[in-house]
>>> print(open('run-v5.pdb').read())   # PDB, N, CA, C and O atoms, pLDDT in the B column
ATOM      1  N   MET A 291       0.847  -1.182   0.000  1.00 57.00           N
ATOM      2  CA  MET A 291       0.000   0.000   0.000  1.00 57.00           C
ATOM      3  C   MET A 291       0.888   1.240   0.000  1.00 57.00           C
ATOM      4  O   MET A 291       1.664   1.451   0.913  1.00 57.00           O
ATOM      5  N   ASN A 292       0.764   2.072  -0.989  1.00 71.00           N
ATOM      6  CA  ASN A 292       1.609   3.250  -1.143  1.00 71.00           C
ATOM      7  C   ASN A 292       0.834   4.532  -0.924  1.00 71.00           C
ATOM      8  O   ASN A 292       1.018   5.503  -1.630  1.00 71.00           O
ATOM      9  N   LYS A 293      -0.045   4.548   0.058  1.00 79.00           N
ATOM     10  CA  LYS A 293      -0.850   5.738   0.305  1.00 79.00           C
ATOM     11  C   LYS A 293      -0.451   6.357   1.633  1.00 79.00           C
ATOM     12  O   LYS A 293      -0.072   5.669   2.564  1.00 79.00           O
ATOM     13  N   ALA A 294      -0.526   7.667   1.691  1.00 78.00           N
ATOM     14  CA  ALA A 294      -0.260   8.374   2.939  1.00 78.00           C
ATOM     15  C   ALA A 294      -1.584   8.786   3.563  1.00 78.00           C
ATOM     16  O   ALA A 294      -2.526   9.144   2.859  1.00 78.00           O
ATOM     17  N   PHE A 295      -1.630   8.707   4.878  1.00 81.00           N
ATOM     18  CA  PHE A 295      -2.829   9.110   5.600  1.00 81.00           C
ATOM     19  C   PHE A 295      -2.476  10.210   6.583  1.00 81.00           C
ATOM     20  O   PHE A 295      -1.442  10.154   7.241  1.00 81.00           O
ATOM     21  N   PHE A 296      -3.324  11.194   6.649  1.00 80.00           N
ATOM     22  CA  PHE A 296      -3.142  12.291   7.590  1.00 80.00           C
ATOM     23  C   PHE A 296      -4.482  12.549   8.249  1.00 80.00           C
ATOM     24  O   PHE A 296      -5.482  12.767   7.575  1.00 80.00           O
ATOM     25  N   PHE A 297      -4.495  12.483   9.564  1.00 80.00           N
ATOM     26  CA  PHE A 297      -5.716  12.740  10.308  1.00 80.00           C
ATOM     27  C   PHE A 297      -5.499  13.964  11.187  1.00 80.00           C
ATOM     28  O   PHE A 297      -4.495  14.063  11.882  1.00 80.00           O
ATOM     29  N   ASN A 298      -6.431  14.879  11.116  1.00 78.00           N
ATOM     30  CA  ASN A 298      -6.347  16.072  11.946  1.00 78.00           C
ATOM     31  C   ASN A 298      -7.741  16.359  12.473  1.00 78.00           C
ATOM     32  O   ASN A 298      -8.673  16.552  11.701  1.00 78.00           O
ATOM     33  N   LYS A 299      -7.873  16.394  13.792  1.00 75.00           N
ATOM     34  CA  LYS A 299      -9.198  16.637  14.365  1.00 75.00           C
ATOM     35  C   LYS A 299      -9.402  18.092  14.779  1.00 75.00           C
ATOM     36  O   LYS A 299     -10.366  18.426  15.440  1.00 75.00           O
ATOM     37  N   ASN A 300      -8.522  18.962  14.354  1.00 74.00           N
ATOM     38  CA  ASN A 300      -8.639  20.374  14.678  1.00 74.00           C
ATOM     39  C   ASN A 300      -9.833  20.974  13.937  1.00 74.00           C
ATOM     40  O   ASN A 300      -9.865  21.008  12.707  1.00 74.00           O
ATOM     41  N   PRO A 301     -10.825  21.480  14.663  1.00 73.00           N
ATOM     42  CA  PRO A 301     -12.006  22.013  13.974  1.00 73.00           C
ATOM     43  C   PRO A 301     -11.722  23.255  13.141  1.00 73.00           C
ATOM     44  O   PRO A 301     -12.457  23.564  12.208  1.00 73.00           O
ATOM     45  N   HIS A 302     -10.643  23.958  13.425  1.00 76.00           N
ATOM     46  CA  HIS A 302     -10.330  25.171  12.668  1.00 76.00           C
ATOM     47  C   HIS A 302      -9.890  24.851  11.249  1.00 76.00           C
ATOM     48  O   HIS A 302      -9.954  25.699  10.371  1.00 76.00           O
ATOM     49  N   LEU A 303      -9.447  23.642  11.027  1.00 78.00           N
ATOM     50  CA  LEU A 303      -9.052  23.248   9.679  1.00 78.00           C
ATOM     51  C   LEU A 303     -10.258  23.254   8.745  1.00 78.00           C
ATOM     52  O   LEU A 303     -10.135  23.493   7.547  1.00 78.00           O
ATOM     53  N   GLY A 304     -11.446  23.035   9.302  1.00 77.00           N
ATOM     54  CA  GLY A 304     -12.667  23.060   8.495  1.00 77.00           C
ATOM     55  C   GLY A 304     -12.930  24.413   7.867  1.00 77.00           C
ATOM     56  O   GLY A 304     -13.611  24.509   6.845  1.00 77.00           O
ATOM     57  N   ASN A 305     -12.385  25.458   8.453  1.00 82.00           N
ATOM     58  CA  ASN A 305     -12.548  26.800   7.892  1.00 82.00           C
ATOM     59  C   ASN A 305     -11.637  27.037   6.696  1.00 82.00           C
ATOM     60  O   ASN A 305     -11.776  28.043   6.010  1.00 82.00           O
ATOM     61  N   ASN A 306     -10.689  26.152   6.483  1.00 85.00           N
ATOM     62  CA  ASN A 306      -9.691  26.337   5.424  1.00 85.00           C
ATOM     63  C   ASN A 306      -9.678  25.192   4.422  1.00 85.00           C
ATOM     64  O   ASN A 306      -8.641  24.868   3.853  1.00 85.00           O
ATOM     65  N   LEU A 307     -10.820  24.576   4.186  1.00 86.00           N
ATOM     66  CA  LEU A 307     -10.852  23.426   3.278  1.00 86.00           C
ATOM     67  C   LEU A 307     -10.409  23.750   1.849  1.00 86.00           C
ATOM     68  O   LEU A 307      -9.731  22.929   1.237  1.00 86.00           O
ATOM     69  N   PRO A 308     -10.729  24.911   1.294  1.00 89.00           N
ATOM     70  CA  PRO A 308     -10.208  25.202  -0.047  1.00 89.00           C
ATOM     71  C   PRO A 308      -8.674  25.197  -0.086  1.00 89.00           C
ATOM     72  O   PRO A 308      -8.064  24.696  -1.031  1.00 89.00           O
ATOM     73  N   PHE A 309      -8.056  25.727   0.958  1.00 89.00           N
ATOM     74  CA  PHE A 309      -6.592  25.729   1.033  1.00 89.00           C
ATOM     75  C   PHE A 309      -6.053  24.302   1.140  1.00 89.00           C
ATOM     76  O   PHE A 309      -5.103  23.929   0.459  1.00 89.00           O
ATOM     77  N   VAL A 310      -6.671  23.496   1.988  1.00 86.00           N
ATOM     78  CA  VAL A 310      -6.249  22.094   2.142  1.00 86.00           C
ATOM     79  C   VAL A 310      -6.402  21.365   0.813  1.00 86.00           C
ATOM     80  O   VAL A 310      -5.520  20.605   0.407  1.00 86.00           O
ATOM     81  N   TYR A 311      -7.503  21.604   0.132  1.00 88.00           N
ATOM     82  CA  TYR A 311      -7.735  20.954  -1.152  1.00 88.00           C
ATOM     83  C   TYR A 311      -6.711  21.385  -2.202  1.00 88.00           C
ATOM     84  O   TYR A 311      -6.310  20.583  -3.047  1.00 88.00           O
ATOM     85  N   GLU A 312      -6.272  22.636  -2.151  1.00 93.00           N
ATOM     86  CA  GLU A 312      -5.213  23.085  -3.074  1.00 93.00           C
ATOM     87  C   GLU A 312      -3.915  22.334  -2.820  1.00 93.00           C
ATOM     88  O   GLU A 312      -3.217  21.964  -3.748  1.00 93.00           O
ATOM     89  N   LEU A 313      -3.607  22.130  -1.547  1.00 89.00           N
ATOM     90  CA  LEU A 313      -2.380  21.404  -1.201  1.00 89.00           C
ATOM     91  C   LEU A 313      -2.475  19.917  -1.521  1.00 89.00           C
ATOM     92  O   LEU A 313      -1.500  19.307  -1.949  1.00 89.00           O
ATOM     93  N   PHE A 314      -3.656  19.363  -1.300  1.00 87.00           N
ATOM     94  CA  PHE A 314      -3.857  17.923  -1.470  1.00 87.00           C
ATOM     95  C   PHE A 314      -5.111  17.682  -2.312  1.00 87.00           C
ATOM     96  O   PHE A 314      -6.180  17.377  -1.789  1.00 87.00           O
ATOM     97  N   PRO A 315      -5.004  17.817  -3.641  1.00 90.00           N
ATOM     98  CA  PRO A 315      -6.189  17.711  -4.493  1.00 90.00           C
ATOM     99  C   PRO A 315      -6.862  16.340  -4.453  1.00 90.00           C
ATOM    100  O   PRO A 315      -8.043  16.224  -4.754  1.00 90.00           O
ATOM    101  N   ALA A 316      -6.153  15.311  -4.073  1.00 87.00           N
ATOM    102  CA  ALA A 316      -6.756  13.972  -3.999  1.00 87.00           C
ATOM    103  C   ALA A 316      -7.259  13.650  -2.588  1.00 87.00           C
ATOM    104  O   ALA A 316      -7.622  12.514  -2.306  1.00 87.00           O
ATOM    105  N   ALA A 317      -7.294  14.655  -1.744  1.00 85.00           N
ATOM    106  CA  ALA A 317      -7.690  14.432  -0.349  1.00 85.00           C
ATOM    107  C   ALA A 317      -9.144  14.000  -0.255  1.00 85.00           C
ATOM    108  O   ALA A 317      -9.984  14.390  -1.054  1.00 85.00           O
ATOM    109  N   ARG A 318      -9.397  13.188   0.754  1.00 85.00           N
ATOM    110  CA  ARG A 318     -10.765  12.809   1.088  1.00 85.00           C
ATOM    111  C   ARG A 318     -11.017  13.276   2.506  1.00 85.00           C
ATOM    112  O   ARG A 318     -10.115  13.320   3.333  1.00 85.00           O
ATOM    113  N   PHE A 319     -12.233  13.618   2.782  1.00 84.00           N
ATOM    114  CA  PHE A 319     -12.572  14.160   4.087  1.00 84.00           C
ATOM    115  C   PHE A 319     -13.585  13.264   4.781  1.00 84.00           C
ATOM    116  O   PHE A 319     -14.511  12.747   4.152  1.00 84.00           O
ATOM    117  N   ILE A 320     -13.397  13.096   6.058  1.00 84.00           N
ATOM    118  CA  ILE A 320     -14.329  12.348   6.895  1.00 84.00           C
ATOM    119  C   ILE A 320     -14.864  13.326   7.932  1.00 84.00           C
ATOM    120  O   ILE A 320     -14.096  14.006   8.611  1.00 84.00           O
ATOM    121  N   TRP A 321     -16.169  13.413   8.041  1.00 81.00           N
ATOM    122  CA  TRP A 321     -16.787  14.338   8.986  1.00 81.00           C
ATOM    123  C   TRP A 321     -17.279  13.577  10.202  1.00 81.00           C
ATOM    124  O   TRP A 321     -17.958  12.574  10.092  1.00 81.00           O
ATOM    125  N   PHE A 322     -16.936  14.077  11.361  1.00 79.00           N
ATOM    126  CA  PHE A 322     -17.418  13.519  12.618  1.00 79.00           C
ATOM    127  C   PHE A 322     -18.348  14.538  13.257  1.00 79.00           C
ATOM    128  O   PHE A 322     -18.045  15.726  13.299  1.00 79.00           O
ATOM    129  N   TYR A 323     -19.443  14.076  13.738  1.00 81.00           N
ATOM    130  CA  TYR A 323     -20.392  14.944  14.423  1.00 81.00           C
ATOM    131  C   TYR A 323     -20.446  14.550  15.889  1.00 81.00           C
ATOM    132  O   TYR A 323     -20.509  13.373  16.215  1.00 81.00           O
ATOM    133  N   ARG A 324     -20.419  15.534  16.762  1.00 83.00           N
ATOM    134  CA  ARG A 324     -20.525  15.293  18.195  1.00 83.00           C
ATOM    135  C   ARG A 324     -21.774  15.986  18.703  1.00 83.00           C
ATOM    136  O   ARG A 324     -22.180  17.017  18.187  1.00 83.00           O
ATOM    137  N   GLY A 325     -22.330  15.398  19.749  1.00 90.00           N
ATOM    138  CA  GLY A 325     -23.504  15.999  20.361  1.00 90.00           C
ATOM    139  C   GLY A 325     -23.149  17.319  21.014  1.00 90.00           C
ATOM    140  O   GLY A 325     -22.035  17.496  21.529  1.00 90.00           O
ATOM    141  N   LEU A 326     -24.066  18.255  20.989  1.00 89.00           N
ATOM    142  CA  LEU A 326     -23.821  19.584  21.539  1.00 89.00           C
ATOM    143  C   LEU A 326     -23.398  19.559  23.013  1.00 89.00           C
ATOM    144  O   LEU A 326     -22.475  20.278  23.388  1.00 89.00           O
ATOM    145  N   PRO A 327     -24.008  18.732  23.878  1.00 90.00           N
ATOM    146  CA  PRO A 327     -23.563  18.725  25.287  1.00 90.00           C
ATOM    147  C   PRO A 327     -22.092  18.327  25.452  1.00 90.00           C
ATOM    148  O   PRO A 327     -21.376  18.930  26.248  1.00 90.00           O
ATOM    149  N   SER A 328     -21.616  17.364  24.682  1.00 88.00           N
ATOM    150  CA  SER A 328     -20.211  16.963  24.811  1.00 88.00           C
ATOM    151  C   SER A 328     -19.271  18.033  24.260  1.00 88.00           C
ATOM    152  O   SER A 328     -18.186  18.257  24.791  1.00 88.00           O
ATOM    153  N   VAL A 329     -19.687  18.731  23.211  1.00 84.00           N
ATOM    154  CA  VAL A 329     -18.873  19.818  22.667  1.00 84.00           C
ATOM    155  C   VAL A 329     -18.780  20.954  23.687  1.00 84.00           C
ATOM    156  O   VAL A 329     -17.702  21.483  23.947  1.00 84.00           O
ATOM    157  N   ALA A 330     -19.902  21.303  24.289  1.00 86.00           N
ATOM    158  CA  ALA A 330     -19.918  22.378  25.282  1.00 86.00           C
ATOM    159  C   ALA A 330     -19.062  22.013  26.489  1.00 86.00           C
ATOM    160  O   ALA A 330     -18.303  22.843  26.991  1.00 86.00           O
ATOM    161  N   ALA A 331     -19.144  20.769  26.942  1.00 88.00           N
ATOM    162  CA  ALA A 331     -18.341  20.333  28.089  1.00 88.00           C
ATOM    163  C   ALA A 331     -16.851  20.387  27.762  1.00 88.00           C
ATOM    164  O   ALA A 331     -16.037  20.805  28.588  1.00 88.00           O
ATOM    165  N   SER A 332     -16.498  19.987  26.557  1.00 84.00           N
ATOM    166  CA  SER A 332     -15.099  20.018  26.136  1.00 84.00           C
ATOM    167  C   SER A 332     -14.579  21.451  26.086  1.00 84.00           C
ATOM    168  O   SER A 332     -13.475  21.748  26.567  1.00 84.00           O
ATOM    169  N   LEU A 333     -15.358  22.353  25.501  1.00 83.00           N
ATOM    170  CA  LEU A 333     -14.949  23.757  25.433  1.00 83.00           C
ATOM    171  C   LEU A 333     -14.821  24.366  26.824  1.00 83.00           C
ATOM    172  O   LEU A 333     -13.891  25.123  27.092  1.00 83.00           O
ATOM    173  N   LYS A 334     -15.722  23.998  27.722  1.00 86.00           N
ATOM    174  CA  LYS A 334     -15.667  24.508  29.089  1.00 86.00           C
ATOM    175  C   LYS A 334     -14.373  24.067  29.771  1.00 86.00           C
ATOM    176  O   LYS A 334     -13.700  24.850  30.439  1.00 86.00           O
ATOM    177  N   ARG A 335     -14.006  22.797  29.584  1.00 84.00           N
ATOM    178  CA  ARG A 335     -12.748  22.299  30.180  1.00 84.00           C
ATOM    179  C   ARG A 335     -11.554  23.055  29.619  1.00 84.00           C
ATOM    180  O   ARG A 335     -10.659  23.463  30.346  1.00 84.00           O
ATOM    181  N   ILE A 336     -11.527  23.264  28.307  1.00 82.00           N
ATOM    182  CA  ILE A 336     -10.404  23.969  27.676  1.00 82.00           C
ATOM    183  C   ILE A 336     -10.326  25.409  28.175  1.00 82.00           C
ATOM    184  O   ILE A 336      -9.254  25.889  28.545  1.00 82.00           O
ATOM    185  N   LEU A 337     -11.458  26.086  28.186  1.00 82.00           N
ATOM    186  CA  LEU A 337     -11.463  27.488  28.621  1.00 82.00           C
ATOM    187  C   LEU A 337     -11.100  27.618  30.095  1.00 82.00           C
ATOM    188  O   LEU A 337     -10.352  28.521  30.469  1.00 82.00           O
ATOM    189  N   ASN A 338     -11.610  26.743  30.937  1.00 81.00           N
ATOM    190  CA  ASN A 338     -11.255  26.787  32.361  1.00 81.00           C
ATOM    191  C   ASN A 338      -9.777  26.542  32.573  1.00 81.00           C
ATOM    192  O   ASN A 338      -9.143  27.181  33.403  1.00 81.00           O
ATOM    193  N   ARG A 339      -9.211  25.598  31.822  1.00 74.00           N
ATOM    194  CA  ARG A 339      -7.789  25.295  31.947  1.00 74.00           C
ATOM    195  C   ARG A 339      -6.958  26.515  31.546  1.00 74.00           C
ATOM    196  O   ARG A 339      -6.011  26.888  32.223  1.00 74.00           O
ATOM    197  N   ASN A 340      -7.330  27.163  30.458  1.00 63.00           N
ATOM    198  CA  ASN A 340      -6.576  28.334  29.999  1.00 63.00           C
ATOM    199  C   ASN A 340      -6.697  29.494  30.971  1.00 63.00           C
ATOM    200  O   ASN A 340      -5.727  30.194  31.233  1.00 63.00           O
ATOM    201  N   VAL A 341      -7.875  29.723  31.519  1.00 61.00           N
ATOM    202  CA  VAL A 341      -8.078  30.819  32.466  1.00 61.00           C
ATOM    203  C   VAL A 341      -7.321  30.546  33.752  1.00 61.00           C
ATOM    204  O   VAL A 341      -6.661  31.428  34.296  1.00 61.00           O
ATOM    205  N   THR A 342      -7.377  29.300  34.244  1.00 62.00           N
ATOM    206  CA  THR A 342      -6.663  28.934  35.471  1.00 62.00           C
ATOM    207  C   THR A 342      -5.156  29.113  35.286  1.00 62.00           C
ATOM    208  O   THR A 342      -4.481  29.665  36.136  1.00 62.00           O
ATOM    209  N   GLY A 343      -4.629  28.658  34.153  1.00 61.00           N
ATOM    210  CA  GLY A 343      -3.201  28.809  33.879  1.00 61.00           C
ATOM    211  C   GLY A 343      -2.794  30.266  33.788  1.00 61.00           C
ATOM    212  O   GLY A 343      -1.736  30.659  34.278  1.00 61.00           O
ATOM    213  N   LEU A 344      -3.634  31.086  33.206  1.00 58.00           N
ATOM    214  CA  LEU A 344      -3.350  32.518  33.082  1.00 58.00           C
ATOM    215  C   LEU A 344      -3.330  33.172  34.459  1.00 58.00           C
ATOM    216  O   LEU A 344      -2.447  33.974  34.763  1.00 58.00           O
ATOM    217  N   LYS A 345      -4.280  32.810  35.303  1.00 61.00           N
ATOM    218  CA  LYS A 345      -4.323  33.380  36.655  1.00 61.00           C
ATOM    219  C   LYS A 345      -3.061  33.020  37.431  1.00 61.00           C
ATOM    220  O   LYS A 345      -2.495  33.863  38.127  1.00 61.00           O
ATOM    221  N   LYS A 346      -2.597  31.778  37.308  1.00 66.00           N
ATOM    222  CA  LYS A 346      -1.380  31.351  38.005  1.00 66.00           C
ATOM    223  C   LYS A 346      -0.168  32.143  37.510  1.00 66.00           C
ATOM    224  O   LYS A 346       0.673  32.557  38.289  1.00 66.00           O
ATOM    225  N   ARG A 347      -0.085  32.343  36.194  1.00 66.00           N
ATOM    226  CA  ARG A 347       1.052  33.087  35.651  1.00 66.00           C
ATOM    227  C   ARG A 347       1.030  34.544  36.070  1.00 66.00           C
ATOM    228  O   ARG A 347       2.061  35.179  36.275  1.00 66.00           O
ATOM    229  N   MET A 348      -0.170  35.119  36.216  1.00 66.00           N
ATOM    230  CA  MET A 348      -0.277  36.525  36.578  1.00 66.00           C
ATOM    231  C   MET A 348       0.116  36.756  38.047  1.00 66.00           C
ATOM    232  O   MET A 348       0.583  37.842  38.386  1.00 66.00           O
ATOM    233  N   ARG A 349      -0.059  35.742  38.902  1.00 69.00           N
ATOM    234  CA  ARG A 349       0.285  35.875  40.303  1.00 69.00           C
ATOM    235  C   ARG A 349       1.793  35.913  40.529  1.00 69.00           C
ATOM    236  O   ARG A 349       2.267  36.426  41.501  1.00 69.00           O
ATOM    237  N   LYS A 350       2.546  35.331  39.629  1.00 63.00           N
ATOM    238  CA  LYS A 350       4.015  35.240  39.805  1.00 63.00           C
ATOM    239  C   LYS A 350       4.697  36.565  39.600  1.00 63.00           C
ATOM    240  O   LYS A 350       4.345  37.449  38.992  1.00 63.00           O
TER     241      LYS A 350
END
>>> encode(input="run-v5.pdb", output="C-alpha coordinates")
Amino acid sequence: MNKAFFFNKNPHLGNNLPFVYELFPAARFIWFYRGLPSVAASLKRILNRNVTGLKKRMRK
(Lines of atoms letter the chains of each structure in order from A and count residues from 1; the text may use other names and numbers.)
(Lines give C-alpha, C1' and ligand atoms only; values in the text may rest on other atoms or scores of the structure.)
Protein backbone atom coordinates (compact mmCIF):
# COMPACT_ATOMS: atom_id res chain seq x y z
CA MET A 1 0.00 0.00 0.00
CA ASN A 2 1.61 3.25 -1.14
CA LYS A 3 -0.85 5.74 0.30
CA ALA A 4 -0.26 8.37 2.94
CA PHE A 5 -2.83 9.11 5.60
CA PHE A 6 -3.14 12.29 7.59
CA PHE A 7 -5.72 12.74 10.31
CA ASN A 8 -6.35 16.07 11.95
CA LYS A 9 -9.20 16.64 14.37
CA ASN A 10 -8.64 20.37 14.68
CA PRO A 11 -12.01 22.01 13.97
CA HIS A 12 -10.33 25.17 12.67
CA LEU A 13 -9.05 23.25 9.68
CA GLY A 14 -12.67 23.06 8.50
CA ASN A 15 -12.55 26.80 7.89
CA ASN A 16 -9.69 26.34 5.42
CA LEU A 17 -10.85 23.43 3.28
CA PRO A 18 -10.21 25.20 -0.05
CA PHE A 19 -6.59 25.73 1.03
CA VAL A 20 -6.25 22.09 2.14
CA TYR A 21 -7.73 20.95 -1.15
CA GLU A 22 -5.21 23.09 -3.07
CA LEU A 23 -2.38 21.40 -1.20
CA PHE A 24 -3.86 17.92 -1.47
CA PRO A 25 -6.19 17.71 -4.49
CA ALA A 26 -6.76 13.97 -4.00
CA ALA A 27 -7.69 14.43 -0.35
CA ARG A 28 -10.77 12.81 1.09
CA PHE A 29 -12.57 14.16 4.09
CA ILE A 30 -14.33 12.35 6.90
CA TRP A 31 -16.79 14.34 8.99
CA PHE A 32 -17.42 13.52 12.62
CA TYR A 33 -20.39 14.94 14.42
CA ARG A 34 -20.52 15.29 18.19
CA GLY A 35 -23.50 16.00 20.36
CA LEU A 36 -23.82 19.58 21.54
CA PRO A 37 -23.56 18.73 25.29
CA SER A 38 -20.21 16.96 24.81
CA VAL A 39 -18.87 19.82 22.67
CA ALA A 40 -19.92 22.38 25.28
CA ALA A 41 -18.34 20.33 28.09
CA SER A 42 -15.10 20.02 26.14
CA LEU A 43 -14.95 23.76 25.43
CA LYS A 44 -15.67 24.51 29.09
CA ARG A 45 -12.75 22.30 30.18
CA ILE A 46 -10.40 23.97 27.68
CA LEU A 47 -11.46 27.49 28.62
CA ASN A 48 -11.26 26.79 32.36
CA ARG A 49 -7.79 25.30 31.95
CA ASN A 50 -6.58 28.33 30.00
CA VAL A 51 -8.08 30.82 32.47
CA THR A 52 -6.66 28.93 35.47
CA GLY A 53 -3.20 28.81 33.88
CA LEU A 54 -3.35 32.52 33.08
CA LYS A 55 -4.32 33.38 36.66
CA LYS A 56 -1.38 31.35 38.01
CA ARG A 57 1.05 33.09 35.65
CA MET A 58 -0.28 36.52 36.58
CA ARG A 59 0.29 35.87 40.30
CA LYS A 60 4.01 35.24 39.81
>>> select_by_dssp(input="run-v5.pdb", residues="chain A", states="alpha helix (DSSP H)", output="PyMOL selection string")
chain A and resi 307-313+326-349
>>> atom_distance(input="run-v5.pdb", atom1="atom CA of Arg324 of chain A", atom2="atom CA of Leu303 of chain A")
16.4 Å
>>> resolve_selection(input="run-v5.pdb", expression="the PyMOL selection byres (((chain A and resi 296 and name CA) around 12) and name CA)", output="list in words")
Lys293, Ala294, Phe295, Phe297, Asn298, Lys299, Val310, Phe314, Ala317, Arg318, Phe319 and Ile320 of chain A
>>> write_last_selection(input="run-v5.pdb", atoms="N, CA, C and O atoms", output="tab-separated table (two decimals), keeping the file's coordinate frame")
chain	number	residue	atom	x	y	z
A	293	LYS	N	-0.04	4.55	0.06
A	293	LYS	CA	-0.85	5.74	0.30
A	293	LYS	C	-0.45	6.36	1.63
A	293	LYS	O	-0.07	5.67	2.56
A	294	ALA	N	-0.53	7.67	1.69
A	294	ALA	CA	-0.26	8.37	2.94
A	294	ALA	C	-1.58	8.79	3.56
A	294	ALA	O	-2.53	9.14	2.86
A	295	PHE	N	-1.63	8.71	4.88
A	295	PHE	CA	-2.83	9.11	5.60
A	295	PHE	C	-2.48	10.21	6.58
A	295	PHE	O	-1.44	10.15	7.24
A	297	PHE	N	-4.50	12.48	9.56
A	297	PHE	CA	-5.72	12.74	10.31
A	297	PHE	C	-5.50	13.96	11.19
A	297	PHE	O	-4.50	14.06	11.88
A	298	ASN	N	-6.43	14.88	11.12
A	298	ASN	CA	-6.35	16.07	11.95
A	298	ASN	C	-7.74	16.36	12.47
A	298	ASN	O	-8.67	16.55	11.70
A	299	LYS	N	-7.87	16.39	13.79
A	299	LYS	CA	-9.20	16.64	14.36
A	299	LYS	C	-9.40	18.09	14.78
A	299	LYS	O	-10.37	18.43	15.44
A	310	VAL	N	-6.67	23.50	1.99
A	310	VAL	CA	-6.25	22.09	2.14
A	310	VAL	C	-6.40	21.36	0.81
A	310	VAL	O	-5.52	20.60	0.41
A	314	PHE	N	-3.66	19.36	-1.30
A	314	PHE	CA	-3.86	17.92	-1.47
A	314	PHE	C	-5.11	17.68	-2.31
A	314	PHE	O	-6.18	17.38	-1.79
A	317	ALA	N	-7.29	14.66	-1.74
A	317	ALA	CA	-7.69	14.43	-0.35
A	317	ALA	C	-9.14	14.00	-0.26
A	317	ALA	O	-9.98	14.39	-1.05
A	318	ARG	N	-9.40	13.19	0.75
A	318	ARG	CA	-10.76	12.81	1.09
A	318	ARG	C	-11.02	13.28	2.51
A	318	ARG	O	-10.12	13.32	3.33
A	319	PHE	N	-12.23	13.62	2.78
A	319	PHE	CA	-12.57	14.16	4.09
A	319	PHE	C	-13.58	13.26	4.78
A	319	PHE	O	-14.51	12.75	4.15
A	320	ILE	N	-13.40	13.10	6.06
A	320	ILE	CA	-14.33	12.35	6.90
A	320	ILE	C	-14.86	13.33	7.93
A	320	ILE	O	-14.10	14.01	8.61
>>> atom_distance(input="run-v5.pdb", atom1="atom N of Asn300 of chain A", atom2="atom C of Ala330 of chain A")
16.4 Å
>>> atom_distance(input="run-v5.pdb", atom1="atom CA of Asn306 of chain A", atom2="atom CA of Ser328 of chain A")
24.0 Å
>>> build_atoms(input="run-v5.pdb", residues="segment 310-317 of chain A", atoms="all heavy atoms", output="tab-separated table (two decimals), in the coordinates of the input")
chain	number	residue	atom	x	y	z
A	310	VAL	N	-6.67	23.50	1.99
A	310	VAL	CA	-6.25	22.09	2.14
A	310	VAL	C	-6.40	21.36	0.81
A	310	VAL	O	-5.52	20.60	0.41
A	310	VAL	CB	-7.07	21.39	3.24
A	310	VAL	CG1	-6.77	19.90	3.29
A	310	VAL	CG2	-6.82	22.04	4.59
A	311	TYR	N	-7.50	21.60	0.13
A	311	TYR	CA	-7.74	20.95	-1.15
A	311	TYR	C	-6.71	21.38	-2.20
A	311	TYR	O	-6.31	20.58	-3.05
A	311	TYR	CB	-9.15	21.24	-1.64
A	311	TYR	CG	-9.52	20.41	-2.85
A	311	TYR	CD1	-9.73	19.04	-2.75
A	311	TYR	CD2	-9.64	21.00	-4.09
A	311	TYR	CE1	-10.04	18.28	-3.85
A	311	TYR	CE2	-9.96	20.25	-5.21
A	311	TYR	CZ	-10.17	18.89	-5.08
A	311	TYR	OH	-10.47	18.14	-6.18
A	312	GLU	N	-6.27	22.64	-2.15
A	312	GLU	CA	-5.21	23.08	-3.07
A	312	GLU	C	-3.92	22.33	-2.82
A	312	GLU	O	-3.22	21.96	-3.75
A	312	GLU	CB	-4.96	24.58	-2.91
A	312	GLU	CG	-5.86	25.46	-3.73
A	312	GLU	CD	-5.43	26.92	-3.65
A	312	GLU	OE1	-4.21	27.19	-3.75
A	312	GLU	OE2	-6.32	27.76	-3.47
A	313	LEU	N	-3.61	22.13	-1.55
A	313	LEU	CA	-2.38	21.40	-1.20
A	313	LEU	C	-2.48	19.92	-1.52
A	313	LEU	O	-1.50	19.31	-1.95
A	313	LEU	CB	-2.07	21.57	0.29
A	313	LEU	CG	-1.68	22.96	0.77
A	313	LEU	CD1	-1.52	22.95	2.28
A	313	LEU	CD2	-0.39	23.42	0.10
A	314	PHE	N	-3.66	19.36	-1.30
A	314	PHE	CA	-3.86	17.92	-1.47
A	314	PHE	C	-5.11	17.68	-2.31
A	314	PHE	O	-6.18	17.38	-1.79
A	314	PHE	CB	-4.01	17.24	-0.11
A	314	PHE	CG	-2.90	17.55	0.85
A	314	PHE	CD1	-3.08	18.50	1.85
A	314	PHE	CD2	-1.68	16.91	0.75
A	314	PHE	CE1	-2.05	18.79	2.74
A	314	PHE	CE2	-0.65	17.20	1.63
A	314	PHE	CZ	-0.84	18.14	2.62
A	315	PRO	N	-5.00	17.82	-3.64
A	315	PRO	CA	-6.19	17.71	-4.49
A	315	PRO	C	-6.86	16.34	-4.45
A	315	PRO	O	-8.04	16.22	-4.75
A	315	PRO	CB	-5.67	18.04	-5.89
A	315	PRO	CG	-4.20	18.04	-5.81
A	315	PRO	CD	-3.80	18.15	-4.38
A	316	ALA	N	-6.15	15.31	-4.07
A	316	ALA	CA	-6.76	13.97	-4.00
A	316	ALA	C	-7.26	13.65	-2.59
A	316	ALA	O	-7.62	12.51	-2.31
A	316	ALA	CB	-5.73	12.93	-4.44
A	317	ALA	N	-7.29	14.66	-1.74
A	317	ALA	CA	-7.69	14.43	-0.35
A	317	ALA	C	-9.14	14.00	-0.26
A	317	ALA	O	-9.98	14.39	-1.05
A	317	ALA	CB	-7.49	15.70	0.46
